[in-house]
Amino acid sequence: MMIRAKRQQCIIDLIEQNDIETQDELVRLLNEQGFSATQATVSRDIKELGLIKILGADKKYKYVKAEAAPHKISVKFGNIFKECVLSIQYANNLVVIKTVAGGANSACAFIDHLNLSQIIGTLAGDDTIFAVVAQDADVKETVDLLKSYLW
């Protein structure tokens, strides 16, 4: 237990001092700090700590504590998204998100609260969400970010 608490405190310190985009980057930094960490360990720590990714001023994503995010997305809200979403796919600039029956509105509200500048609109049915990304070039990165909330 002591090691986990120290590692998680180190993660908080690292994300406060650095713009960390990926779990692999976080694993590398933890290993440099003397912790023996794997991607699976970091993934669990991220979930336990309630970390989310936001778009930084430099247009790159970074991990932050949910309560530190400008949009203040609660961990519960993120868990609803995680439990509802079945798949995320895209074609050109359209992202199609399949959810459990009745889950699209809640999952779509989560997406809307992310306030992602690249998403210019969303539409939710019963089990499907359509999200329109302004630029085709941004769609894969947007899908990757949305998928990161599923872990």
# chains A, B, ... in the order shown; residues from 1 in each chain; ligands from 1

$ select_by_dssp --residues "chain A" --states "alpha helix (DSSP H)" --output "VMD selection string"
chain A and resid 2 to 17 23 to 32 39 to 49 75 to 84 104 to 114 139 to 148

$ write_last_selection --atoms "C-alpha atoms" --output "PDB file, in the first residue's frame"
ATOM      1  CA  MET A   2       2.786   2.431   0.837  1.00  0.00           C
ATOM      2  CA  ILE A   3       4.405   2.054  -2.581  1.00  0.00           C
ATOM      3  CA  ARG A   4       1.093   2.626  -4.379  1.00  0.00           C
ATOM      4  CA  ALA A   5       0.412   5.793  -2.385  1.00  0.00           C
ATOM      5  CA  LYS A   6       3.906   7.129  -3.097  1.00  0.00           C
ATOM      6  CA  ARG A   7       3.636   6.252  -6.794  1.00  0.00           C
ATOM      7  CA  GLN A   8       0.254   7.950  -7.053  1.00  0.00           C
ATOM      8  CA  GLN A   9       1.581  11.053  -5.309  1.00  0.00           C
ATOM      9  CA  CYS A  10       4.468  11.043  -7.772  1.00  0.00           C
ATOM     10  CA  ILE A  11       1.958  10.851 -10.641  1.00  0.00           C
ATOM     11  CA  ILE A  12       0.133  13.908  -9.274  1.00  0.00           C
ATOM     12  CA  ASP A  13       3.421  15.777  -8.948  1.00  0.00           C
ATOM     13  CA  LEU A  14       4.463  14.776 -12.475  1.00  0.00           C
ATOM     14  CA  ILE A  15       1.221  15.898 -14.122  1.00  0.00           C
ATOM     15  CA  GLU A  16       1.305  19.181 -12.224  1.00  0.00           C
ATOM     16  CA  GLN A  17       4.889  19.871 -13.360  1.00  0.00           C
ATOM     17  CA  GLN A  23       0.383   6.605 -20.365  1.00  0.00           C
ATOM     18  CA  ASP A  24       3.664   5.462 -21.912  1.00  0.00           C
ATOM     19  CA  GLU A  25       5.182   8.865 -21.166  1.00  0.00           C
ATOM     20  CA  LEU A  26       3.941   8.616 -17.587  1.00  0.00           C
ATOM     21  CA  VAL A  27       5.424   5.105 -17.227  1.00  0.00           C
ATOM     22  CA  ARG A  28       8.783   6.381 -18.489  1.00  0.00           C
ATOM     23  CA  LEU A  29       8.791   9.323 -16.054  1.00  0.00           C
ATOM     24  CA  LEU A  30       7.796   7.097 -13.130  1.00  0.00           C
ATOM     25  CA  ASN A  31      10.589   4.663 -13.970  1.00  0.00           C
ATOM     26  CA  GLU A  32      13.018   7.613 -14.059  1.00  0.00           C
ATOM     27  CA  GLN A  39       1.168   0.618 -18.484  1.00  0.00           C
ATOM     28  CA  ALA A  40      -1.434  -1.521 -16.673  1.00  0.00           C
ATOM     29  CA  THR A  41      -0.374  -0.107 -13.292  1.00  0.00           C
ATOM     30  CA  VAL A  42      -0.493   3.454 -14.597  1.00  0.00           C
ATOM     31  CA  SER A  43      -3.894   2.834 -16.162  1.00  0.00           C
ATOM     32  CA  ARG A  44      -5.282   1.709 -12.774  1.00  0.00           C
ATOM     33  CA  ASP A  45      -3.650   4.676 -11.036  1.00  0.00           C
ATOM     34  CA  ILE A  46      -5.172   7.095 -13.548  1.00  0.00           C
ATOM     35  CA  LYS A  47      -8.611   5.643 -12.860  1.00  0.00           C
ATOM     36  CA  GLU A  48      -8.173   5.668  -9.070  1.00  0.00           C
ATOM     37  CA  LEU A  49      -6.846   9.237  -9.103  1.00  0.00           C
ATOM     38  CA  VAL A  75     -15.443  11.135 -12.081  1.00  0.00           C
ATOM     39  CA  LYS A  76     -19.010   9.796 -11.901  1.00  0.00           C
ATOM     40  CA  PHE A  77     -19.870  11.527 -15.169  1.00  0.00           C
ATOM     41  CA  GLY A  78     -16.821   9.949 -16.775  1.00  0.00           C
ATOM     42  CA  ASN A  79     -17.821   6.555 -15.400  1.00  0.00           C
ATOM     43  CA  ILE A  80     -21.258   6.907 -16.987  1.00  0.00           C
ATOM     44  CA  PHE A  81     -19.567   7.544 -20.351  1.00  0.00           C
ATOM     45  CA  LYS A  82     -17.278   4.557 -19.831  1.00  0.00           C
ATOM     46  CA  GLU A  83     -20.165   2.237 -18.958  1.00  0.00           C
ATOM     47  CA  CYS A  84     -22.477   3.412 -21.774  1.00  0.00           C
ATOM     48  CA  ALA A 104     -26.616   8.020 -25.821  1.00  0.00           C
ATOM     49  CA  ASN A 105     -27.976  11.147 -24.127  1.00  0.00           C
ATOM     50  CA  SER A 106     -25.806  10.702 -21.026  1.00  0.00           C
ATOM     51  CA  ALA A 107     -22.710   9.863 -23.062  1.00  0.00           C
ATOM     52  CA  CYS A 108     -23.377  12.818 -25.366  1.00  0.00           C
ATOM     53  CA  ALA A 109     -23.740  15.165 -22.386  1.00  0.00           C
ATOM     54  CA  PHE A 110     -20.293  14.029 -21.245  1.00  0.00           C
ATOM     55  CA  ILE A 111     -18.845  14.817 -24.679  1.00  0.00           C
ATOM     56  CA  ASP A 112     -20.548  18.212 -24.700  1.00  0.00           C
ATOM     57  CA  HIS A 113     -19.120  19.025 -21.261  1.00  0.00           C
ATOM     58  CA  LEU A 114     -15.622  18.314 -22.514  1.00  0.00           C
ATOM     59  CA  VAL A 139     -10.859  13.508 -36.290  1.00  0.00           C
ATOM     60  CA  LYS A 140      -8.422  10.692 -35.409  1.00  0.00           C
ATOM     61  CA  GLU A 141      -6.956  12.646 -32.497  1.00  0.00           C
ATOM     62  CA  THR A 142     -10.501  13.441 -31.289  1.00  0.00           C
ATOM     63  CA  VAL A 143     -11.501   9.766 -31.506  1.00  0.00           C
ATOM     64  CA  ASP A 144      -8.339   8.747 -29.642  1.00  0.00           C
ATOM     65  CA  LEU A 145      -9.138  11.247 -26.894  1.00  0.00           C
ATOM     66  CA  LEU A 146     -12.729  10.007 -26.578  1.00  0.00           C
ATOM     67  CA  LYS A 147     -11.480   6.419 -26.472  1.00  0.00           C
ATOM     68  CA  SER A 148      -9.043   7.341 -23.699  1.00  0.00           C
TER      69      SER A 148
END

$ residues_around --residues "A:Thr128" --least-positions-apart "5" --cutoff "8 Å" --atoms "only C-alpha atoms" --output "list in words"
Val96, Ile97, Lys98, Thr99 and Ala104 of chain A

$ atom_distance --atom1 "atom CA of A:Lys65" --atom2 "atom CA of A:Asp19"
12.4 Å

$ select_by_dssp --residues "stretch 19-62 of chain A" --states "strand (DSSP E)" --output "list in words"
Leu51, Ile52, Lys53, Ile54, Leu55, Tyr61 and Lys62 of chain A

$ write_last_selection --atoms "N, CA, C and O atoms" --output "short mmCIF file (atom, residue, chain, number, x, y, z; two decimals), in the first residue's frame"
data_model
loop_
_atom_site.label_atom_id
_atom_site.label_comp_id
_atom_site.auth_asym_id
_atom_site.auth_seq_id
_atom_site.Cartn_x
_atom_site.Cartn_y
_atom_site.Cartn_z
N LEU A 51 -7.98 10.98 -13.00
CA LEU A 51 -7.31 11.84 -13.97
C LEU A 51 -8.07 11.82 -15.29
O LEU A 51 -8.63 10.79 -15.68
N ILE A 52 -8.09 12.95 -15.95
CA ILE A 52 -8.69 13.05 -17.28
C ILE A 52 -7.72 13.78 -18.20
O ILE A 52 -6.75 14.38 -17.73
N LYS A 53 -8.00 13.74 -19.49
CA LYS A 53 -7.19 14.48 -20.45
C LYS A 53 -7.96 15.72 -20.89
O LYS A 53 -9.16 15.65 -21.15
N ILE A 54 -7.25 16.83 -20.97
CA ILE A 54 -7.83 18.05 -21.50
C ILE A 54 -6.91 18.58 -22.60
O ILE A 54 -5.74 18.22 -22.66
N LEU A 55 -7.47 19.45 -23.42
CA LEU A 55 -6.69 20.09 -24.46
C LEU A 55 -5.98 21.30 -23.85
O LEU A 55 -6.63 22.21 -23.33
N TYR A 61 -2.97 17.34 -25.80
CA TYR A 61 -3.71 16.82 -24.65
C TYR A 61 -2.75 16.53 -23.50
O TYR A 61 -1.58 16.21 -23.71
N LYS A 62 -3.29 16.66 -22.29
CA LYS A 62 -2.48 16.39 -21.10
C LYS A 62 -3.38 15.88 -19.99
O LYS A 62 -4.58 16.18 -19.96
#

$ decode --residues "stretch 27-42 of chain A" --atoms "C-alpha atoms" --output "CSV table (one decimal), in the first residue's frame"
chain,number,residue,atom,x,y,z
A,27,VAL,CA,5.4,5.1,-17.2
A,28,ARG,CA,8.8,6.4,-18.5
A,29,LEU,CA,8.8,9.3,-16.1
A,30,LEU,CA,7.8,7.1,-13.1
A,31,ASN,CA,10.6,4.7,-14.0
A,32,GLU,CA,13.0,7.6,-14.1
A,33,GLN,CA,11.8,8.5,-10.6
A,34,GLY,CA,12.7,5.0,-9.3
A,35,PHE,CA,9.2,3.4,-9.5
A,36,SER,CA,8.8,0.1,-11.3
A,37,ALA,CA,5.6,0.9,-13.2
A,38,THR,CA,3.9,-0.7,-16.2
A,39,GLN,CA,1.2,0.6,-18.5
A,40,ALA,CA,-1.4,-1.5,-16.7
A,41,THR,CA,-0.4,-0.1,-13.3
A,42,VAL,CA,-0.5,3.5,-14.6
